[in-house]
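Listing of query.txt; format and content: compact mmCIF, C-alpha atoms.
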# COMPACT_ATOMS: atom_id res chain seq x y z
CA MET I 23 -51.80 -11.44 32.31
CA LYS I 24 -53.11 -12.64 28.97
CA ASN I 25 -51.12 -15.41 27.31
CA GLU I 26 -50.49 -13.23 24.22
CA LYS I 27 -48.82 -10.57 26.36
CA LEU I 28 -46.67 -13.17 28.11
CA ALA I 29 -45.65 -14.54 24.73
CA ILE I 30 -44.53 -11.05 23.67
CA ILE I 31 -42.42 -10.68 26.83
CA ASN I 32 -40.93 -14.11 26.19
CA GLN I 33 -39.93 -13.10 22.67
CA TYR I 34 -38.26 -9.95 24.00
CA LYS I 35 -35.72 -8.66 21.53
CA ASP I 36 -33.42 -6.00 22.87
CA GLU I 37 -32.53 -3.28 20.38
CA TRP I 38 -30.25 -0.35 21.08
CA GLU I 39 -28.05 2.14 19.32
CA ILE I 40 -24.39 3.00 19.70
CA GLY I 41 -22.06 4.95 17.44
CA GLY I 42 -24.78 5.27 14.81
CA LYS I 43 -25.42 1.50 14.61
CA THR I 44 -28.46 -0.42 15.80
CA LEU I 45 -27.57 -3.60 17.68
CA ASN I 46 -29.31 -6.51 19.37
CA SER I 47 -26.42 -7.53 21.61
CA ARG I 48 -24.98 -5.51 24.49
CA LEU I 49 -21.80 -7.54 24.67
CA LEU I 50 -18.62 -6.06 23.20
CA ILE I 51 -16.15 -8.92 22.93
CA GLY I 52 -12.37 -8.97 22.69
CA SER I 53 -10.44 -11.09 20.21
CA ALA I 54 -7.24 -11.74 22.21
CA LEU I 55 -5.90 -14.54 24.43
CA TYR I 56 -8.00 -17.43 23.04
CA PRO I 57 -6.40 -20.87 22.89
CA SER I 58 -6.70 -20.85 19.08
CA PRO I 59 -8.13 -18.77 16.25
CA ALA I 60 -10.88 -21.37 15.75
CA ASN I 61 -11.81 -21.14 19.42
CA MET I 62 -11.95 -17.35 19.16
CA GLU I 63 -14.21 -17.58 16.15
CA ASP I 64 -16.60 -20.02 17.87
CA ALA I 65 -16.68 -17.96 21.06
CA ILE I 66 -17.49 -14.75 19.20
CA LYS I 67 -20.22 -16.49 17.20
CA ILE I 68 -21.94 -18.07 20.18
CA SER I 69 -21.70 -14.85 22.21
CA GLU I 70 -23.85 -13.15 19.54
CA ALA I 71 -21.70 -10.05 20.09
CA GLN I 72 -21.95 -7.57 17.24
CA ILE I 73 -18.87 -5.57 18.18
CA VAL I 74 -15.40 -7.12 18.38
CA THR I 75 -12.28 -5.29 19.53
CA VAL I 76 -9.06 -5.55 17.54
CA SER I 77 -5.67 -3.87 17.60
CA LEU I 78 -2.57 -2.93 15.59
CA ARG I 79 0.96 -4.17 16.13
CA ARG I 80 4.26 -4.03 14.28
CA GLN I 81 4.33 -6.16 11.20
CA ALA I 82 7.32 -8.42 10.57
CA ALA I 83 9.23 -7.90 7.32
CA GLY I 84 9.02 -10.57 4.66
CA GLU I 85 5.58 -11.79 5.82
CA ASN I 86 3.66 -12.11 2.63
CA THR I 87 1.33 -14.83 3.81
CA GLY I 88 -1.77 -12.71 4.45
CA ASN I 89 -3.34 -12.15 7.82
CA HIS I 90 -5.31 -15.19 9.02
CA PHE I 91 -6.63 -13.42 12.11
CA TRP I 92 -7.99 -10.47 10.18
CA ASP I 93 -9.54 -12.78 7.58
CA ILE I 94 -11.49 -14.56 10.34
CA ILE I 95 -12.70 -11.30 11.83
CA LYS I 96 -13.80 -9.93 8.46
CA ALA I 97 -15.73 -13.11 7.71
CA LEU I 98 -17.72 -12.71 10.96
CA ASN I 99 -19.31 -9.63 9.39
CA ILE I 100 -19.74 -7.75 12.67
CA HIS I 101 -18.61 -4.28 13.70
CA VAL I 102 -14.92 -3.85 14.45
CA LEU I 103 -13.76 -1.61 17.28
CA PRO I 104 -10.00 -1.00 17.01
CA ASN I 105 -8.19 -0.03 20.19
CA THR I 106 -5.14 2.08 20.97
CA ALA I 107 -3.79 -0.41 23.52
CA GLY I 108 -0.18 0.17 24.51
CA CYS I 109 -0.27 3.93 23.99
CA HIS I 110 1.04 6.06 26.85
CA CYS I 111 0.34 9.57 25.63
CA ALA I 112 -2.18 11.44 23.51
CA LYS I 113 0.20 11.75 20.54
CA GLU I 114 0.69 7.97 20.28
CA ALA I 115 -3.03 7.33 20.70
CA ILE I 116 -3.97 9.85 18.01
CA ALA I 117 -1.48 8.34 15.53
CA THR I 118 -2.70 4.82 16.32
CA ALA I 119 -6.34 5.85 15.87
CA GLN I 120 -5.55 7.41 12.49
CA MET I 121 -3.69 4.26 11.43
CA ALA I 122 -6.58 2.08 12.63
CA ARG I 123 -9.08 4.12 10.64
CA GLU I 124 -7.09 3.48 7.47
CA VAL I 125 -6.49 -0.25 8.10
CA PHE I 126 -9.90 -1.21 9.47
CA GLY I 127 -12.03 1.23 7.51
CA THR I 128 -13.98 2.50 10.53
CA ASN I 129 -14.11 5.80 12.41
CA TRP I 130 -14.76 3.94 15.68
CA ILE I 131 -11.87 3.89 18.12
CA LYS I 132 -11.54 2.45 21.60
CA LEU I 133 -9.32 5.13 23.06
CA GLU I 134 -6.97 3.59 25.58
CA VAL I 135 -4.11 5.64 27.02
CA ILE I 136 -2.35 3.89 29.86
CA GLY I 137 -0.98 6.03 32.70
CA ASP I 138 0.64 3.44 34.90
CA GLN I 139 2.39 0.21 34.02
CA TYR I 140 1.64 -1.44 37.39
CA ASN I 141 -2.15 -1.35 37.31
CA LEU I 142 -2.59 -0.34 33.65
CA GLN I 143 -4.81 2.49 34.81
CA PRO I 144 -6.02 4.80 32.06
CA ASP I 145 -4.44 8.26 32.09
CA PRO I 146 -7.47 10.57 32.26
CA PHE I 147 -5.55 13.71 31.27
CA GLU I 148 -4.05 12.24 28.10
CA THR I 149 -7.31 10.44 27.31
CA VAL I 150 -9.29 13.70 27.36
CA LYS I 151 -6.59 15.44 25.30
CA ALA I 152 -6.59 12.70 22.65
CA ALA I 153 -10.40 12.40 22.59
CA GLU I 154 -10.76 16.11 21.88
CA VAL I 155 -8.50 15.89 18.82
CA LEU I 156 -10.06 12.66 17.54
CA ILE I 157 -13.64 13.95 17.84
CA LYS I 158 -12.66 16.99 15.78
CA GLU I 159 -11.25 14.61 13.17
CA GLY I 160 -14.57 12.78 12.91
CA PHE I 161 -13.87 9.74 15.08
CA GLU I 162 -16.54 8.06 17.19
CA VAL I 163 -14.52 7.79 20.37
CA PHE I 164 -15.12 4.98 22.86
CA PRO I 165 -12.89 6.22 25.71
CA TYR I 166 -11.70 3.69 28.26
CA THR I 167 -11.40 5.51 31.57
CA ILE I 168 -11.41 5.17 35.32
CA ASP I 169 -14.75 5.13 37.17
CA ASP I 170 -14.51 8.83 37.99
CA LEU I 171 -17.44 11.19 37.62
CA VAL I 172 -15.33 14.28 36.92
CA VAL I 173 -13.36 12.54 34.18
CA ALA I 174 -16.66 11.43 32.67
CA LYS I 175 -17.81 15.07 32.81
CA ARG I 176 -14.71 16.25 30.99
CA LEU I 177 -15.15 13.61 28.31
CA ALA I 178 -18.82 14.53 27.89
CA ASP I 179 -17.90 18.24 27.74
CA ILE I 180 -15.62 17.71 24.76
CA GLY I 181 -18.29 15.74 22.92
CA CYS I 182 -17.91 12.05 23.80
CA LYS I 183 -21.24 10.28 23.35
CA ILE I 184 -19.87 7.05 24.78
CA ILE I 185 -17.88 6.53 27.98
CA MET I 186 -16.34 3.27 29.14
CA PRO I 187 -15.36 3.30 32.83
CA TRP I 188 -13.44 0.32 34.11
CA GLY I 189 -14.99 -2.24 36.42
CA SER I 190 -11.53 -2.96 37.81
CA MET I 191 -8.00 -3.40 36.44
CA ILE I 192 -7.58 -4.87 32.96
CA GLY I 193 -7.40 -8.64 33.08
CA SER I 194 -7.91 -8.79 36.87
CA GLY I 195 -11.31 -10.48 36.83
CA LYS I 196 -12.16 -8.72 40.08
CA GLY I 197 -15.52 -7.43 38.88
CA LEU I 198 -16.96 -4.04 39.80
CA MET I 199 -14.65 -2.49 42.42
CA ASN I 200 -16.73 0.62 42.97
CA PRO I 201 -20.37 0.10 42.01
CA ASP I 202 -21.31 3.41 43.66
CA ASN I 203 -18.96 5.29 41.32
CA LEU I 204 -20.54 3.55 38.33
CA ILE I 205 -24.02 4.40 39.62
CA ALA I 206 -23.04 8.07 40.00
CA ILE I 207 -21.84 8.22 36.39
CA ARG I 208 -25.03 6.51 35.17
CA LYS I 209 -27.24 8.91 37.14
CA GLN I 210 -25.38 12.02 35.93
CA PHE I 211 -25.30 11.00 32.29
CA PRO I 212 -28.56 9.29 31.35
CA GLU I 213 -28.13 10.43 27.73
CA LEU I 214 -24.67 8.92 27.19
CA LYS I 215 -23.93 5.36 26.18
CA LEU I 216 -22.07 3.82 29.10
CA ILE I 217 -20.11 0.59 28.80
CA VAL I 218 -18.30 -1.14 31.64
CA ASP I 219 -14.92 -2.04 30.19
CA ALA I 220 -12.28 -4.21 31.87
CA GLY I 221 -12.11 -6.15 35.10
CA ILE I 222 -15.07 -8.43 34.45
CA GLY I 223 -14.25 -11.96 35.62
CA LYS I 224 -17.48 -13.91 35.60
CA PRO I 225 -20.98 -13.67 34.18
CA SER I 226 -22.48 -12.33 37.43
CA HIS I 227 -20.17 -9.30 37.19
CA ALA I 228 -21.61 -8.51 33.77
CA THR I 229 -25.14 -9.00 35.06
CA GLN I 230 -24.40 -6.58 37.90
CA ALA I 231 -23.12 -3.94 35.45
CA MET I 232 -26.27 -4.30 33.37
CA GLU I 233 -28.50 -4.12 36.46
CA LEU I 234 -26.88 -0.74 37.24
CA GLY I 235 -28.31 0.52 33.97
CA TYR I 236 -25.15 0.35 31.89
CA ASP I 237 -25.76 0.05 28.18
CA GLY I 238 -23.25 -2.70 27.61
CA VAL I 239 -20.20 -4.60 28.79
CA LEU I 240 -16.83 -4.96 27.08
CA LEU I 241 -14.74 -7.95 28.08
CA ASN I 242 -12.11 -10.30 26.79
CA SER I 243 -10.08 -12.23 29.39
CA ALA I 244 -13.14 -13.55 31.25
CA ILE I 245 -14.14 -15.47 28.13
CA ALA I 246 -10.79 -16.19 26.50
CA LEU I 247 -9.13 -17.43 29.71
CA ALA I 248 -12.08 -19.57 30.88
CA GLN I 249 -11.60 -23.34 30.93
CA ASP I 250 -14.08 -23.50 28.07
CA PRO I 251 -14.18 -20.14 26.29
CA VAL I 252 -17.03 -21.08 23.97
CA LYS I 253 -19.27 -22.15 26.85
CA MET I 254 -18.28 -19.03 28.80
CA ALA I 255 -19.15 -16.83 25.81
CA ASN I 256 -22.60 -18.37 25.87
CA ALA I 257 -22.82 -17.75 29.63
CA PHE I 258 -22.00 -14.07 29.14
CA ARG I 259 -24.56 -13.81 26.35
CA VAL I 260 -27.27 -14.98 28.74
CA ALA I 261 -25.93 -13.06 31.77
CA ILE I 262 -25.95 -9.73 29.94
CA LYS I 263 -29.49 -10.29 28.69
CA ALA I 264 -30.59 -11.21 32.24
CA GLY I 265 -29.00 -8.08 33.68
CA ARG I 266 -30.62 -5.84 31.09
CA LEU I 267 -34.02 -7.42 31.61
CA GLY I 268 -33.59 -7.04 35.37
CA TYR I 269 -32.76 -3.35 34.94
CA GLU I 270 -35.76 -2.76 32.70
CA ALA I 271 -38.04 -4.67 35.07
CA GLY I 272 -36.88 -2.51 38.00
CA THR I 273 -35.39 -4.20 41.03
CA MET I 274 -37.17 -4.13 44.39
CA GLN I 275 -36.12 -1.70 47.10
CA GLU I 276 -33.71 -3.13 49.65
CA ARG I 277 -35.08 -3.38 53.18
CA THR I 278 -33.27 -3.13 56.47
CA PHE I 279 -35.38 -5.84 58.10
CA ALA I 280 -36.80 -9.20 57.12
CA SER I 281 -40.24 -9.29 55.59
CA PRO I 282 -42.03 -12.60 55.00
CA SER I 283 -43.10 -13.38 51.47
CA THR I 284 -45.67 -16.03 52.45
CA PRO I 285 -48.92 -14.48 53.79
CA THR I 286 -49.00 -14.31 57.57
CA ILE I 287 -52.80 -14.29 57.82
CA GLY I 288 -53.98 -17.78 58.70
CA THR I 289 -50.54 -18.98 59.73
CA PRO I 290 -51.03 -22.30 61.58
CA PHE I 291 -49.52 -22.90 65.00
CA TRP I 292 -48.91 -19.12 65.17
CA HIS I 293 -47.05 -17.78 68.12
CA GLN I 294 -45.30 -14.56 69.09
CA PHE I 295 -41.50 -14.49 69.49
CA ASN I 296 -40.36 -12.82 72.69
CA MET J 30 23.01 4.96 2.64
CA ILE J 31 21.08 6.18 5.70
CA LYS J 32 20.16 4.50 8.97
CA VAL J 33 16.56 4.48 10.18
CA SER J 34 14.56 2.57 12.77
CA VAL J 35 11.81 0.41 11.29
CA ASN J 36 9.52 -1.36 13.76
CA GLY J 37 12.23 -1.08 16.39
CA GLU J 38 15.09 -2.43 14.23
CA ILE J 39 17.89 -0.36 12.73
CA LYS J 40 17.87 -0.67 8.94
CA GLU J 41 20.11 0.73 6.24
CA LEU J 42 18.32 2.27 3.29
CA LYS J 43 19.37 4.01 0.10
CA LYS J 44 19.12 7.80 0.35
CA ASP J 45 15.92 9.57 -0.73
CA LEU J 46 13.57 6.58 -0.77
CA ASN J 47 9.90 7.39 -0.28
CA ILE J 48 7.64 5.24 1.92
CA LYS J 49 6.38 3.14 -1.00
CA GLU J 50 9.95 2.38 -2.09
CA MET J 51 11.00 1.61 1.48
CA ILE J 52 8.13 -0.88 1.89
CA GLU J 53 9.25 -2.65 -1.27
CA ALA J 54 12.94 -2.55 -0.36
CA LEU J 55 12.28 -4.09 3.07
CA GLN J 56 9.83 -6.63 1.62
CA TYR J 57 6.86 -5.73 3.73
CA LYS J 58 3.39 -6.71 2.59
CA THR J 59 2.02 -4.28 0.07
CA GLN J 60 -1.38 -3.85 1.73
CA GLY J 61 -3.25 -4.30 5.03
CA PHE J 62 -1.00 -2.06 7.11
CA ALA J 63 -0.59 1.57 8.12
CA VAL J 64 2.52 3.68 8.55
CA ALA J 65 3.66 6.31 11.03
CA VAL J 66 6.90 8.27 10.77
CA ASN J 67 8.19 9.72 14.03
CA THR J 68 4.80 8.95 15.69
CA THR J 69 2.90 10.85 12.99
CA PHE J 70 0.48 8.94 10.78
CA VAL J 71 1.18 9.02 7.05
CA ALA J 72 -1.86 8.24 4.90
CA VAL J 73 -1.42 5.80 2.03
CA GLN J 74 -2.03 8.61 -0.49
CA SER J 75 1.11 10.35 0.83
CA TYR J 76 3.55 7.41 0.62
CA GLU J 77 5.15 8.49 -2.65
CA LYS J 78 5.62 12.10 -1.58
CA THR J 79 7.07 11.30 1.85
CA THR J 80 10.84 10.90 1.77
CA ILE J 81 12.54 8.90 4.49
CA LYS J 82 15.32 10.80 6.26
CA ALA J 83 18.29 9.58 8.30
CA GLY J 84 17.29 8.91 11.89
CA ASP J 85 13.56 8.58 11.18
CA THR J 86 11.57 6.18 13.32
CA ILE J 87 9.06 4.28 11.22
CA ASP J 88 6.24 2.07 12.47
CA ILE J 89 4.44 -0.30 10.12
CA LEU J 90 1.38 -1.74 11.85
CA ALA J 91 -1.00 -4.54 10.88
CA PRO J 92 -4.19 -6.01 12.43
CA VAL J 93 -3.85 -8.25 15.47
CA GLN J 94 -6.05 -9.52 18.29
CA GLY J 95 -7.11 -6.93 20.84
CA GLY J 96 -9.18 -6.52 23.96
Before anything else, please render the file you have as structure tokens.
Amino acid sequence: MKNEKLAIINQYKDEWEIGGKTLNSRLLIGSALYPSPANMEDAIKISEAQIVTVSLRRQAAGENTGNHFWDIIKALNIHVLPNTAGCHCAKEAIATAQMAREVFGTNWIKLEVIGDQYNLQPDPFETVKAAEVLIKEGFEVFPYTIDDLVVAKRLADIGCKIIMPWGSMIGSGKGLMNPDNLIAIRKQFPELKLIVDAGIGKPSHATQAMELGYDGVLLNSAIALAQDPVKMANAFRVAIKAGRLGYEAGTMQERTFASPSTPTIGTPFWHQFN
Amino acid sequence: MIKVSVNGEIKELKKDLNIKEMIEALQYKTQGFAVAVNTTFVAVQSYEKTTIKAGDTIDILAPVQGG
């Protein structure tokens, strides 16, 4: 290959589109659980993520001191993806989404409706119900769901352009529990933007999700709870790029048997195994 | 006076306050939040025409960290 062509490959700049925005990073990063606000800010910066998730919680009375967290996020000048974390039914999620649109000034919403307190599994029925209403109200819905093909179908049917199946339980760090389920969703919905959301524990999990052809990865705990969150944010930045490049390059077919990579012709001291 | 729940706490308010007046009376910040009454969002443009009633459940939410 000519050196010029190799140079172009080396300068590879990934560009993709989601929710009407063109991005260069496929990492969607959370803003919770960091040891300090400064650490969060550094981790987000080094990750090069262009989407950060945020939330809404009850405000205490008499707090007239501003909102330091929100000031940091605004200064990062990246896209904000508010979530509906903590909601347990469509009605709560819809109200939270409407409140988030007013506070954060975006029609993006990470729709999260929890169906079980033990494993924090998304409730697919309430998620579909809420998504249908929110889409009609002009929201760009990023639904967090289980890795279930039929649920993905229902969400696509009502107009979701983005679907975010879980890798495994929120905050578990277990990685991709059911890669075959994720592959099925990818194969059935090549036109949708698919993000693996939740359960990622280490960079190799994110790489694996990207190698499956997912468009991006959303994670929080894996970075924020690392020994060194800033270094881990950098690791995820690289891991997600590696996975995407690997997907685009096309991985080799698995073989059942061994196959030598070094040429066998001219092998010295050759002999046949019995 | 009427009793309402604001962010999970029972508060006593004068009768017939609207949302804007309630925010001032309870000394919440005057911006950077959103309000729901009985799990229904109330847009900022509607604060002055929305009267708080006895037994209402009011949520006043502000930005925080999220995953």
Inset, instruction - Enumerate as a PyMOL selection string the residues belonging to chain J that approach chain I to within 10 Å, with only C-alpha atoms taken into account. - result: chain J and resi 35-37+52-53+55-73+88-96
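Between atom CA of I:Asp250 and atom CA of I:His227 the separation is 17.9 Å.
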Inset, instruction - Write out as a PyMOL selection string which residues come within 9 Å of I:Val150 when counting all atoms listed in the file, dropping same-chain ones fewer than 3 positions away. - result: chain I and resi 112+145-147+153-155+165+173+176-177+180
Selection file, C-alpha atoms, as a PDB file, keeping the file's coordinate frame:
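Full text of out13.pdb as output:
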ATOM      1  CA  ALA I 112      -2.180  11.440  23.510  1.00  0.00           C
ATOM      2  CA  ASP I 145      -4.440   8.260  32.090  1.00  0.00           C
ATOM      3  CA  PRO I 146      -7.470  10.570  32.260  1.00  0.00           C
ATOM      4  CA  PHE I 147      -5.550  13.710  31.270  1.00  0.00           C
ATOM      5  CA  ALA I 153     -10.400  12.400  22.590  1.00  0.00           C
ATOM      6  CA  GLU I 154     -10.760  16.110  21.880  1.00  0.00           C
ATOM      7  CA  VAL I 155      -8.500  15.890  18.820  1.00  0.00           C
ATOM      8  CA  PRO I 165     -12.890   6.220  25.710  1.00  0.00           C
ATOM      9  CA  VAL I 173     -13.360  12.540  34.180  1.00  0.00           C
ATOM     10  CA  ARG I 176     -14.710  16.250  30.990  1.00  0.00           C
ATOM     11  CA  LEU I 177     -15.150  13.610  28.310  1.00  0.00           C
ATOM     12  CA  ILE I 180     -15.620  17.710  24.760  1.00  0.00           C
TER      13      ILE I 180
END
Legend entry - Spatial neighbours of I:Leu214, max dist 12 Å, only C-alpha atoms, sep filter under 3 positions, as a PyMOL selection string: chain I and resi 39-41+164+174-175+177-179+181-186+207-211+217+235-238
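Across the structure, atom CA of I:His293 and atom CA of I:Glu276 are spaced 27.1 Å apart.
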Inset, instruction - Write out as a PyMOL selection string the residues lying within 12 Å of stretch 262-269 of chain I, counting all atoms listed in the file and excluding same-chain residues fewer than 4 positions away. - result: chain I and resi 31-32+34-38+46-50+69-71+217-218+222+224-241+255-258+273-274
Restricted to C-alpha atoms, what would the selected residues look like written as a compact mmCIF listing (two decimals), keeping the file's coordinate frame?
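Now in result.txt:
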# COMPACT_ATOMS: atom_id res chain seq x y z
CA ILE I 31 -42.42 -10.68 26.83
CA ASN I 32 -40.93 -14.11 26.19
CA TYR I 34 -38.26 -9.95 24.00
CA LYS I 35 -35.72 -8.66 21.53
CA ASP I 36 -33.42 -6.00 22.87
CA GLU I 37 -32.53 -3.28 20.38
CA TRP I 38 -30.25 -0.35 21.08
CA ASN I 46 -29.31 -6.51 19.37
CA SER I 47 -26.42 -7.53 21.61
CA ARG I 48 -24.98 -5.51 24.49
CA LEU I 49 -21.80 -7.54 24.67
CA LEU I 50 -18.62 -6.06 23.20
CA SER I 69 -21.70 -14.85 22.21
CA GLU I 70 -23.85 -13.15 19.54
CA ALA I 71 -21.70 -10.05 20.09
CA ILE I 217 -20.11 0.59 28.80
CA VAL I 218 -18.30 -1.14 31.64
CA ILE I 222 -15.07 -8.43 34.45
CA LYS I 224 -17.48 -13.91 35.60
CA PRO I 225 -20.98 -13.67 34.18
CA SER I 226 -22.48 -12.33 37.43
CA HIS I 227 -20.17 -9.30 37.19
CA ALA I 228 -21.61 -8.51 33.77
CA THR I 229 -25.14 -9.00 35.06
CA GLN I 230 -24.40 -6.58 37.90
CA ALA I 231 -23.12 -3.94 35.45
CA MET I 232 -26.27 -4.30 33.37
CA GLU I 233 -28.50 -4.12 36.46
CA LEU I 234 -26.88 -0.74 37.24
CA GLY I 235 -28.31 0.52 33.97
CA TYR I 236 -25.15 0.35 31.89
CA ASP I 237 -25.76 0.05 28.18
CA GLY I 238 -23.25 -2.70 27.61
CA VAL I 239 -20.20 -4.60 28.79
CA LEU I 240 -16.83 -4.96 27.08
CA LEU I 241 -14.74 -7.95 28.08
CA ALA I 255 -19.15 -16.83 25.81
CA ASN I 256 -22.60 -18.37 25.87
CA ALA I 257 -22.82 -17.75 29.63
CA PHE I 258 -22.00 -14.07 29.14
CA THR I 273 -35.39 -4.20 41.03
CA MET I 274 -37.17 -4.13 44.39
Mind listing whatever residues come within 8 Å of the point (21.4, 6.9, 6.2)? Use only C-alpha atoms, file coordinates, and give them as a PDB file with C-alpha atoms, in the coordinates of the input.
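Contents of out35.pdb, freshly written:
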ATOM      1  CA  MET J  30      23.010   4.960   2.640  1.00  0.00           C
ATOM      2  CA  ILE J  31      21.080   6.180   5.700  1.00  0.00           C
ATOM      3  CA  LYS J  32      20.160   4.500   8.970  1.00  0.00           C
ATOM      4  CA  VAL J  33      16.560   4.480  10.180  1.00  0.00           C
ATOM      5  CA  GLU J  41      20.110   0.730   6.240  1.00  0.00           C
ATOM      6  CA  LEU J  42      18.320   2.270   3.290  1.00  0.00           C
ATOM      7  CA  LYS J  43      19.370   4.010   0.100  1.00  0.00           C
ATOM      8  CA  LYS J  44      19.120   7.800   0.350  1.00  0.00           C
ATOM      9  CA  LYS J  82      15.320  10.800   6.260  1.00  0.00           C
ATOM     10  CA  ALA J  83      18.290   9.580   8.300  1.00  0.00           C
ATOM     11  CA  GLY J  84      17.290   8.910  11.890  1.00  0.00           C
TER      12      GLY J  84
END
